[in-house]
file protein.txt (compact mmCIF, C-alpha atoms and all ligand atoms)
# COMPACT_ATOMS: atom_id res chain seq x y z
CA MET A 1 8.91 361.93 -44.09
CA GLU A 2 11.18 363.48 -46.69
CA GLN A 3 13.73 360.79 -45.96
CA PHE A 4 11.07 358.11 -46.43
CA ARG A 5 10.17 359.61 -49.82
CA GLN A 6 13.79 359.78 -50.86
CA LYS A 7 14.49 356.19 -49.91
CA ALA A 8 11.25 355.04 -51.52
CA ALA A 9 12.34 356.75 -54.74
CA GLU A 10 15.61 354.86 -54.53
CA LEU A 11 13.70 351.63 -54.10
CA LYS A 12 11.40 352.46 -56.99
CA ALA A 13 14.42 352.88 -59.24
CA LEU A 14 15.49 349.37 -58.23
CA VAL A 15 12.24 347.42 -58.50
CA GLY A 16 9.72 349.68 -60.23
CA SER A 17 10.37 348.62 -63.78
CA GLY A 18 10.65 344.89 -63.13
CA GLY A 19 13.08 342.28 -64.42
CA LYS A 20 14.86 341.71 -61.10
CA LYS A 21 15.44 338.41 -59.34
CA ILE A 22 14.17 339.03 -55.83
CA VAL A 23 13.98 337.10 -52.58
CA VAL A 24 11.61 338.16 -49.79
CA LEU A 25 12.52 336.64 -46.43
CA SER A 26 10.96 336.75 -43.01
CA HIS A 27 11.60 335.34 -39.56
CA THR A 28 11.55 331.91 -37.95
CA ASN A 29 8.17 330.96 -36.43
CA PRO A 30 6.49 333.45 -38.75
CA ASP A 31 3.47 335.30 -37.38
CA GLY A 32 0.60 337.12 -39.08
CA ASP A 33 2.69 340.21 -39.66
CA ALA A 34 5.70 338.36 -41.09
CA ILE A 35 3.43 336.45 -43.48
CA GLY A 36 1.00 339.25 -44.36
CA SER A 37 3.76 341.74 -45.14
CA SER A 38 5.87 339.23 -47.14
CA LEU A 39 2.94 337.94 -49.19
CA THR A 40 1.77 341.39 -50.18
CA TRP A 41 5.22 342.80 -50.83
CA GLY A 42 6.12 339.72 -52.91
CA HIS A 43 2.84 339.93 -54.85
CA VAL A 44 3.25 343.63 -55.61
CA LEU A 45 6.86 343.17 -56.76
CA GLN A 46 5.79 340.25 -58.94
CA GLY A 47 3.00 342.41 -60.37
CA ALA A 48 5.65 344.97 -61.34
CA GLY A 49 7.37 342.31 -63.46
CA ASN A 50 10.00 341.01 -61.07
CA ASP A 51 10.82 337.36 -60.46
CA VAL A 52 10.02 336.90 -56.75
CA THR A 53 10.60 334.01 -54.34
CA CYS A 54 9.17 334.35 -50.81
CA ILE A 55 11.03 332.27 -48.24
CA LEU A 56 10.28 331.37 -44.62
CA PRO A 57 12.77 329.50 -42.42
CA ASN A 58 10.07 327.15 -41.09
CA ARG A 59 6.37 326.47 -41.59
CA TYR A 60 3.63 328.94 -40.74
CA PRO A 61 0.91 328.07 -38.21
CA ALA A 62 -2.08 326.20 -39.67
CA PHE A 63 -4.58 328.87 -38.56
CA LEU A 64 -3.12 331.13 -41.25
CA ASN A 65 -3.61 328.55 -44.06
CA TRP A 66 -6.50 330.58 -45.46
CA MET A 67 -4.24 333.49 -46.46
CA GLU A 68 -4.15 333.88 -50.24
CA GLY A 69 -0.78 332.90 -51.70
CA ILE A 70 0.56 331.33 -48.49
CA ASP A 71 1.12 327.98 -50.23
CA ARG A 72 3.65 329.61 -52.55
CA PHE A 73 6.16 330.24 -49.75
CA VAL A 74 9.32 328.20 -50.00
CA ILE A 75 9.78 326.70 -46.53
CA ALA A 76 13.55 326.43 -46.11
CA LYS A 77 13.36 323.68 -43.52
CA GLU A 78 11.49 321.47 -45.99
CA ASN A 79 12.98 322.67 -49.26
CA LEU A 80 16.43 323.96 -48.46
CA ASP A 81 17.86 323.50 -51.99
CA VAL A 82 15.20 325.70 -53.57
CA ALA A 83 15.63 328.37 -50.88
CA GLN A 84 19.43 328.37 -51.15
CA LYS A 85 19.34 328.55 -54.94
CA ALA A 86 16.92 331.48 -54.92
CA ILE A 87 19.13 333.38 -52.44
CA GLU A 88 22.25 332.55 -54.44
CA GLN A 89 20.72 333.95 -57.65
CA ALA A 90 18.97 336.95 -56.09
CA GLU A 91 19.84 340.48 -57.13
CA ILE A 92 17.86 341.90 -54.21
CA VAL A 93 17.13 340.30 -50.83
CA PHE A 94 14.35 341.89 -48.80
CA CYS A 95 14.23 341.07 -45.08
CA LEU A 96 10.78 341.76 -43.66
CA ASP A 97 9.79 341.94 -39.98
CA LEU A 98 13.31 340.74 -39.29
CA ASN A 99 15.59 343.10 -37.46
CA THR A 100 18.48 340.68 -37.15
CA ILE A 101 19.52 338.13 -39.73
CA GLU A 102 20.17 335.80 -36.77
CA ARG A 103 16.42 335.27 -36.57
CA LEU A 104 16.89 333.14 -39.68
CA ASP A 105 18.56 329.76 -39.31
CA GLU A 106 22.31 329.40 -39.81
CA THR A 107 22.09 327.92 -43.30
CA LEU A 108 19.98 330.81 -44.57
CA CYS A 109 22.31 333.34 -42.92
CA ALA A 110 25.26 331.69 -44.64
CA ALA A 111 23.46 331.77 -48.00
CA ILE A 112 22.76 335.49 -47.63
CA GLU A 113 26.29 336.24 -46.57
CA ALA A 114 27.68 334.20 -49.48
CA ASN A 115 25.78 336.33 -51.99
CA THR A 116 27.92 339.43 -51.75
CA THR A 117 26.51 341.20 -54.80
CA ALA A 118 22.80 341.22 -53.89
CA LYS A 119 21.40 344.39 -52.39
CA ARG A 120 20.03 343.78 -48.89
CA ILE A 121 17.01 345.80 -47.94
CA LEU A 122 15.25 345.87 -44.59
CA ILE A 123 11.53 346.58 -44.14
CA ASP A 124 10.77 346.38 -40.43
CA HIS A 125 9.35 347.92 -37.27
CA HIS A 126 11.66 346.51 -34.58
CA LEU A 127 13.92 348.59 -32.39
CA ASN A 128 17.69 348.65 -32.81
CA PRO A 129 18.10 347.22 -36.30
CA PRO A 130 21.66 346.37 -37.32
CA THR A 131 23.19 348.44 -40.09
CA TYR A 132 24.37 345.79 -42.54
CA TYR A 133 21.60 346.61 -44.98
CA ASP A 134 22.13 348.69 -48.13
CA LEU A 135 18.75 350.34 -47.68
CA MET A 136 16.65 350.41 -44.52
CA PHE A 137 12.98 351.06 -44.02
CA SER A 138 13.06 350.68 -40.26
CA TYR A 139 10.17 352.33 -38.40
CA PRO A 140 9.94 351.18 -34.76
CA GLU A 141 7.13 353.67 -34.18
CA ASP A 142 4.96 351.82 -36.74
CA CYS A 143 2.63 349.15 -35.38
CA SER A 144 3.61 346.45 -37.85
CA THR A 145 5.74 345.66 -40.88
CA SER A 146 2.48 345.30 -42.82
CA PHE A 147 1.79 348.99 -42.19
CA VAL A 148 5.29 349.91 -43.43
CA VAL A 149 4.65 347.81 -46.55
CA TYR A 150 1.33 349.62 -47.08
CA ARG A 151 3.10 352.98 -46.92
CA LEU A 152 5.80 351.82 -49.34
CA VAL A 153 3.31 350.38 -51.81
CA CYS A 154 1.31 353.64 -51.79
CA GLU A 155 4.45 355.71 -52.29
CA ILE A 156 6.06 353.58 -55.00
CA PHE A 157 3.24 351.89 -56.90
CA GLY A 158 -0.01 353.52 -55.78
CA VAL A 159 -2.67 351.96 -53.55
CA GLU A 160 -4.62 350.65 -56.56
CA VAL A 161 -2.09 347.86 -57.17
CA LEU A 162 -3.38 346.18 -54.00
CA ASP A 163 -6.14 343.64 -54.62
CA LYS A 164 -8.62 342.27 -52.11
CA SER A 165 -6.26 339.48 -51.00
CA ASP A 166 -3.37 341.90 -50.53
CA ALA A 167 -5.66 344.07 -48.40
CA GLU A 168 -6.67 341.05 -46.29
CA ASN A 169 -3.08 339.92 -45.89
CA LEU A 170 -1.86 343.34 -44.80
CA TYR A 171 -4.78 343.74 -42.42
CA THR A 172 -3.95 340.35 -40.89
CA GLY A 173 -0.47 341.66 -40.06
CA ILE A 174 -1.81 344.91 -38.64
CA MET A 175 -4.51 343.16 -36.64
CA THR A 176 -2.29 340.46 -35.12
CA ASP A 177 0.60 342.81 -34.25
CA THR A 178 -1.69 345.33 -32.53
CA GLY A 179 -3.78 342.79 -30.54
CA ASN A 180 -6.76 343.58 -32.76
CA LEU A 181 -6.12 347.32 -32.73
CA SER A 182 -5.76 347.58 -28.99
CA PHE A 183 -2.03 348.13 -28.31
CA SER A 184 0.08 351.22 -28.88
CA SER A 185 1.08 352.80 -32.21
CA LEU A 186 -2.56 353.34 -33.17
CA THR A 187 -2.14 356.53 -35.15
CA PRO A 188 -4.51 358.45 -37.42
CA GLU A 189 -2.26 357.36 -40.32
CA LEU A 190 -2.84 353.72 -39.41
CA PHE A 191 -6.61 354.16 -39.48
CA ARG A 192 -6.29 356.01 -42.81
CA ALA A 193 -4.34 353.00 -44.08
CA ILE A 194 -7.09 350.66 -42.88
CA ALA A 195 -9.60 352.87 -44.68
CA GLY A 196 -7.43 352.50 -47.78
CA LEU A 197 -7.48 348.72 -47.37
CA LEU A 198 -11.27 348.76 -46.99
CA GLU A 199 -11.45 350.61 -50.29
CA ARG A 200 -9.41 347.82 -51.86
CA GLY A 201 -11.97 345.22 -50.77
CA LEU A 202 -10.91 344.27 -47.24
CA GLU A 203 -13.67 342.61 -45.17
CA ILE A 204 -12.59 343.08 -41.56
CA GLN A 205 -15.13 340.65 -40.16
CA LYS A 206 -13.93 337.87 -42.48
CA VAL A 207 -10.30 338.33 -41.36
CA ASN A 208 -11.36 338.47 -37.70
CA VAL A 209 -13.26 335.21 -37.95
CA ALA A 210 -10.51 333.52 -39.97
CA VAL A 211 -7.80 334.46 -37.45
CA TYR A 212 -9.56 334.42 -34.08
CA ASN A 213 -12.30 331.80 -34.46
CA ALA A 214 -10.29 329.06 -36.08
CA PHE A 215 -8.77 327.09 -33.25
CA THR A 216 -8.75 323.35 -32.61
CA ALA A 217 -10.46 321.95 -29.51
CA ASP A 218 -7.01 320.86 -28.29
CA ARG A 219 -5.76 324.44 -28.47
CA VAL A 220 -8.69 325.80 -26.52
CA ARG A 221 -8.22 323.07 -23.86
CA LEU A 222 -4.49 323.86 -23.68
CA LEU A 223 -5.36 327.51 -23.06
CA GLY A 224 -7.75 326.52 -20.24
CA TYR A 225 -5.13 324.24 -18.68
CA THR A 226 -2.42 326.90 -19.01
CA LEU A 227 -4.38 329.65 -17.29
CA ASN A 228 -5.90 327.43 -14.63
CA LYS A 229 -2.92 325.31 -13.68
CA LYS A 230 0.21 327.00 -14.95
CA MET A 231 -0.09 330.75 -14.48
CA THR A 232 2.01 331.92 -11.53
CA LEU A 233 1.99 335.42 -10.07
CA ILE A 234 5.10 336.81 -8.38
CA GLU A 235 6.44 340.21 -7.29
CA ASN A 236 3.36 341.05 -5.29
CA ASN A 237 1.07 339.89 -8.13
CA THR A 238 2.58 342.32 -10.61
CA VAL A 239 4.44 339.75 -12.72
CA SER A 240 3.06 336.57 -14.26
CA TYR A 241 4.88 333.64 -15.78
CA ILE A 242 3.80 330.43 -17.47
CA ALA A 243 6.11 327.52 -18.28
CA LEU A 244 4.95 324.73 -20.57
CA SER A 245 7.05 321.60 -20.97
CA GLU A 246 7.26 319.54 -24.14
CA ARG A 247 5.43 316.76 -22.31
CA GLU A 248 2.50 319.02 -21.42
CA LEU A 249 2.35 320.34 -24.97
CA ARG A 250 2.26 316.80 -26.37
CA ARG A 251 -0.67 315.98 -24.11
CA PHE A 252 -2.68 318.61 -25.98
CA ASN A 253 -1.40 317.57 -29.41
CA PHE A 254 0.46 320.87 -29.70
CA GLN A 255 0.72 322.38 -33.17
CA LEU A 256 2.93 325.29 -34.16
CA GLY A 257 1.20 328.55 -33.28
CA ASP A 258 -1.15 327.02 -30.68
CA SER A 259 0.35 329.06 -27.83
CA GLU A 260 0.16 332.31 -29.81
CA GLY A 261 -1.52 334.96 -27.66
CA PHE A 262 -1.44 332.99 -24.37
CA VAL A 263 1.07 335.45 -22.93
CA ASN A 264 -1.43 338.30 -23.23
CA TYR A 265 -4.06 336.85 -20.87
CA PRO A 266 -2.29 337.55 -17.54
CA LEU A 267 -2.11 341.23 -18.52
CA THR A 268 -5.90 341.36 -18.22
CA ILE A 269 -5.47 340.99 -14.42
CA THR A 270 -5.52 344.32 -12.60
CA GLY A 271 -2.03 345.20 -11.41
CA VAL A 272 -0.08 342.83 -13.67
CA LYS A 273 2.58 344.81 -15.53
CA MET A 274 4.69 342.08 -17.08
CA SER A 275 3.83 338.63 -18.42
CA ALA A 276 6.17 335.88 -19.59
CA ILE A 277 5.66 332.50 -21.21
CA PHE A 278 8.28 329.78 -21.65
CA ILE A 279 7.64 327.13 -24.26
CA GLU A 280 9.95 324.14 -24.27
CA THR A 281 11.07 322.87 -27.68
CA ARG A 282 13.58 320.15 -28.47
CA LYS A 283 16.44 322.60 -28.91
CA PHE A 284 15.71 325.53 -26.60
CA ILE A 285 13.09 327.36 -24.57
CA ARG A 286 11.14 330.00 -26.46
CA VAL A 287 10.60 333.08 -24.34
CA SER A 288 7.78 335.56 -24.97
CA LEU A 289 7.38 338.71 -22.89
CA ARG A 290 4.63 341.30 -22.75
CA SER A 291 4.03 344.42 -20.67
CA ARG A 292 1.49 347.15 -20.34
CA GLY A 293 2.04 350.89 -20.58
CA ASP A 294 5.34 352.70 -20.05
CA GLU A 295 6.44 351.22 -16.76
CA VAL A 296 8.15 348.01 -17.87
CA ASP A 297 10.17 347.90 -21.08
CA VAL A 298 10.33 344.21 -22.04
CA ASN A 299 12.63 344.95 -24.97
CA VAL A 300 15.28 346.08 -22.46
CA PHE A 301 14.46 343.09 -20.24
CA ALA A 302 14.73 340.60 -23.14
CA ARG A 303 18.06 342.06 -24.21
CA LYS A 304 19.49 342.07 -20.72
CA TYR A 305 18.40 338.64 -19.52
CA PHE A 306 17.36 336.51 -22.49
CA ASN A 307 19.61 337.52 -25.32
CA GLY A 308 16.60 338.66 -27.32
CA GLY A 309 14.76 341.84 -28.16
CA GLY A 310 11.59 343.24 -29.68
CA HIS A 311 9.50 346.20 -28.65
CA LYS A 312 8.71 348.03 -25.41
CA ASN A 313 5.51 346.05 -24.79
CA ALA A 314 6.25 342.83 -26.74
CA ALA A 315 9.57 341.08 -26.87
CA GLY A 316 11.09 337.63 -26.90
CA GLY A 317 14.23 335.58 -26.72
CA ARG A 318 15.60 332.10 -26.23
CA SER A 319 16.99 330.17 -23.32
CA TYR A 320 19.38 327.23 -23.67
CA VAL A 321 19.14 325.93 -20.11
CA SER A 322 16.37 323.68 -18.74
CA LEU A 323 12.82 324.87 -18.27
CA ALA A 324 13.22 324.90 -14.48
CA GLU A 325 16.47 326.85 -14.70
CA THR A 326 14.88 329.27 -17.15
CA VAL A 327 12.05 329.92 -14.68
CA ASP A 328 14.55 330.46 -11.84
CA HIS A 329 16.54 332.85 -13.98
CA PHE A 330 13.33 334.71 -14.83
CA ILE A 331 12.24 335.04 -11.20
CA ARG A 332 15.64 336.44 -10.21
CA SER A 333 15.82 338.70 -13.24
CA ALA A 334 12.32 340.10 -12.75
CA SER A 335 13.12 340.92 -9.14
CA GLU A 336 16.38 342.64 -10.08
CA PHE A 337 14.82 344.50 -13.00
CA LEU A 338 11.73 345.76 -11.20
CA ASN A 339 13.34 346.59 -7.90
CA HIS A 340 16.76 347.85 -8.82
CA CYS A 341 16.58 349.36 -12.32
P1 LIG A 401 6.66 336.82 -29.80
O1 LIG A 401 6.57 336.82 -28.32
O2 LIG A 401 5.35 337.12 -30.44
O3 LIG A 401 7.39 335.65 -30.36
O4 LIG A 401 7.59 338.06 -30.15
C1 LIG A 401 7.29 339.34 -29.70
C2 LIG A 401 8.28 340.32 -30.26
O5 LIG A 401 9.59 340.04 -29.80
C3 LIG A 401 8.34 340.28 -31.77
O6 LIG A 401 8.32 341.60 -32.21
C4 LIG A 401 9.63 339.63 -32.08
O7 LIG A 401 10.20 340.19 -33.20
C5 LIG A 401 10.50 339.86 -30.88
N1 LIG A 401 11.31 338.66 -30.63
C6 LIG A 401 10.84 337.43 -30.33
N2 LIG A 401 11.85 336.56 -30.16
C7 LIG A 401 13.00 337.25 -30.37
C8 LIG A 401 14.40 336.91 -30.36
O8 LIG A 401 14.81 335.76 -30.10
N3 LIG A 401 15.28 337.92 -30.63
C9 LIG A 401 14.87 339.20 -30.90
N4 LIG A 401 15.80 340.13 -31.16
N5 LIG A 401 13.56 339.55 -30.92
C10 LIG A 401 12.64 338.61 -30.67
MN MN A 402 5.80 342.50 -36.70
call {"tool": "encode", "arguments": {"input": "protein.txt", "output": "structure tokens"}}
result
Amino acid sequence: MEQFRQKAAELKALVGSGGKKIVVLSHTNPDGDAIGSSLTWGHVLQGAGNDVTCILPNRYPAFLNWMEGIDRFVIAKENLDVAQKAIEQAEIVFCLDLNTIERLDETLCAAIEANTTAKRILIDHHLNPPTYYDLMFSYPEDCSTSFVVYRLVCEIFGVEVLDKSDAENLYTGIMTDTGNLSFSSLTPELFRAIAGLLERGLEIQKVNVAVYNAFTADRVRLLGYTLNKKMTLIENNTVSYIALSERELRRFNFQLGDSEGFVNYPLTITGVKMSAIFIETRKFIRVSLRSRGDEVDVNVFARKYFNGGGHKNAAGGRSYVSLAETVDHFIRSASEFLNHC
């Protein structure tokens, strides 16, 4: 705690009196936490008199369109010049919800590396962050980056700088990263933070409806198809996997973010301890892994077999072989991991 205070004081000296050119960056395929934490952190820094540009490598899913300020993100894939220029001129680059810079695309990585004078600061809750940051707020025991941002805002600026939209945006990150307050890391401090957000105007029901009841018919049909036709149980019904090809996704008019949360459903089956989903894209297969409890650490699994990472119960990676080969590799890896590790 003392260390947090000390580092927060250091950060306050940097950004507290304004006048800095700042970039706030988050990861590819941004989720509720990446967006909620970046929006609020960017808004608070701007409010303190800094010149802030929030950048995402690619577009956010449409079901998050309602989030206040989301249209001000510079999407690097669509507006690379603006993103590159902001990074080039930045005095401080914040990386949020982003343990490795590799989770940005190569052009953005190069832009960050080319700016050798900017301070690089990490605000994150992933395990095993690299150490190339000048200042690190890395708290793997925290449920979400949004919660880390809440703690930093309270420490540096005071909770009263958060407005209703900030409170909604942070709660979106907390809610989506904890499976609507049902996973681990649910501490008394987190619920005190939520109480703090409620006092700033948060309406939990509004955020719930906006995030969870805002799907297209195609998405709901894709979910039905996925669970009915594509879910496969192996390892004595303790492991589930789902593989969706580009062709299948096209059939359901797939939009970015549509498969978000699918990987959690198999874990509702008694006895299932690990769930995987493989989503085929043009360039690679996106791998998402989930587990329940302490028995299976999918962060270790993702690192060992899929060149990825994440947390104990939620991790991911990429595969550059075909969908069928990825599934074969998964079946072999799951067997080795569960039976021999
Ligand atoms: P999701 O399955 O929701 O995409 O990701 C779950 C968790 O795994 C997130 O915390 C995310 O940061 C992490 N993760 C997903 N993909 C990758 C990856 O390619 N590399 C690393 N290091 N972590 C990932
Ligand atoms: Mn997160």
call {"tool": "atom_distance", "arguments": {"input": "protein.txt", "atom1": "atom CA of A:Asp124", "atom2": "atom C8 of ligand LIG 401 (chain A)"}}
result
14.3 Å
call {"tool": "residues_near_ligand", "arguments": {"input": "protein.txt", "ligand": "ligand MN 402 (chain A)", "cutoff": "9 Å", "atoms": "all atoms listed in the file", "output": "ChimeraX atom specification"}}
result
/A:31-34,37,96-98,124-126,143-146,173-174,176-177
call {"tool": "residues_near_ligand", "arguments": {"input": "protein.txt", "ligand": "ligand LIG 401 (chain A)", "cutoff": "6 Å", "atoms": "all atoms listed in the file", "output": "PyMOL selection string"}}
result
chain A and resi 288-289+308-311+314-318
call {"tool": "atom_distance", "arguments": {"input": "protein.txt", "atom1": "atom CA of A:Thr116", "atom2": "atom CA of A:Pro140"}}
result
27.4 Å
call {"tool": "closest_residue", "arguments": {"input": "protein.txt", "among": "A:Val148, A:Ala195, A:Leu80, A:Ala210", "to": "A:Met67", "atoms": "all atoms listed in the file"}}
result
A:Ala210
call {"tool": "atom_distance", "arguments": {"input": "protein.txt", "atom1": "atom CA of A:Val23", "atom2": "atom CA of A:Asp51"}}
result
8.5 Å
call {"tool": "residues_around", "arguments": {"input": "protein.txt", "residues": "A:Phe73", "least_positions_apart": "6", "cutoff": "7 Å", "atoms": "only C-alpha atoms", "output": "PyMOL selection string"}}
result
chain A and resi 54-56
call {"tool": "closest_residue", "arguments": {"input": "protein.txt", "among": "A:Val82, A:Cys95, A:Val209, A:Ala110", "to": "A:Met136", "atoms": "only C-alpha atoms"}}
result
A:Cys95
call {"tool": "closest_residue", "arguments": {"input": "protein.txt", "among": "A:Ala334, A:Ile121, A:Val15, A:Leu170", "to": "A:Glu203", "atoms": "only C-alpha atoms"}}
result
A:Leu170
call {"tool": "residues_around", "arguments": {"input": "protein.txt", "residues": "A:Ala9", "least_positions_apart": "2", "cutoff": "12 Å", "atoms": "all atoms listed in the file", "output": "PDB file with C-alpha atoms, in the frame of the given file"}}
result
ATOM      1  CA  GLU A   2      11.180 363.480 -46.690  1.00  0.00           C
ATOM      2  CA  GLN A   3      13.730 360.790 -45.960  1.00  0.00           C
ATOM      3  CA  PHE A   4      11.070 358.110 -46.430  1.00  0.00           C
ATOM      4  CA  ARG A   5      10.170 359.610 -49.820  1.00  0.00           C
ATOM      5  CA  GLN A   6      13.790 359.780 -50.860  1.00  0.00           C
ATOM      6  CA  LYS A   7      14.490 356.190 -49.910  1.00  0.00           C
ATOM      7  CA  LEU A  11      13.700 351.630 -54.100  1.00  0.00           C
ATOM      8  CA  LYS A  12      11.400 352.460 -56.990  1.00  0.00           C
ATOM      9  CA  ALA A  13      14.420 352.880 -59.240  1.00  0.00           C
ATOM     10  CA  LEU A  14      15.490 349.370 -58.230  1.00  0.00           C
ATOM     11  CA  VAL A  15      12.240 347.420 -58.500  1.00  0.00           C
ATOM     12  CA  GLY A  16       9.720 349.680 -60.230  1.00  0.00           C
ATOM     13  CA  LEU A 135      18.750 350.340 -47.680  1.00  0.00           C
ATOM     14  CA  LEU A 152       5.800 351.820 -49.340  1.00  0.00           C
ATOM     15  CA  VAL A 153       3.310 350.380 -51.810  1.00  0.00           C
ATOM     16  CA  CYS A 154       1.310 353.640 -51.790  1.00  0.00           C
ATOM     17  CA  GLU A 155       4.450 355.710 -52.290  1.00  0.00           C
ATOM     18  CA  ILE A 156       6.060 353.580 -55.000  1.00  0.00           C
ATOM     19  CA  PHE A 157       3.240 351.890 -56.900  1.00  0.00           C
TER      20      PHE A 157
END
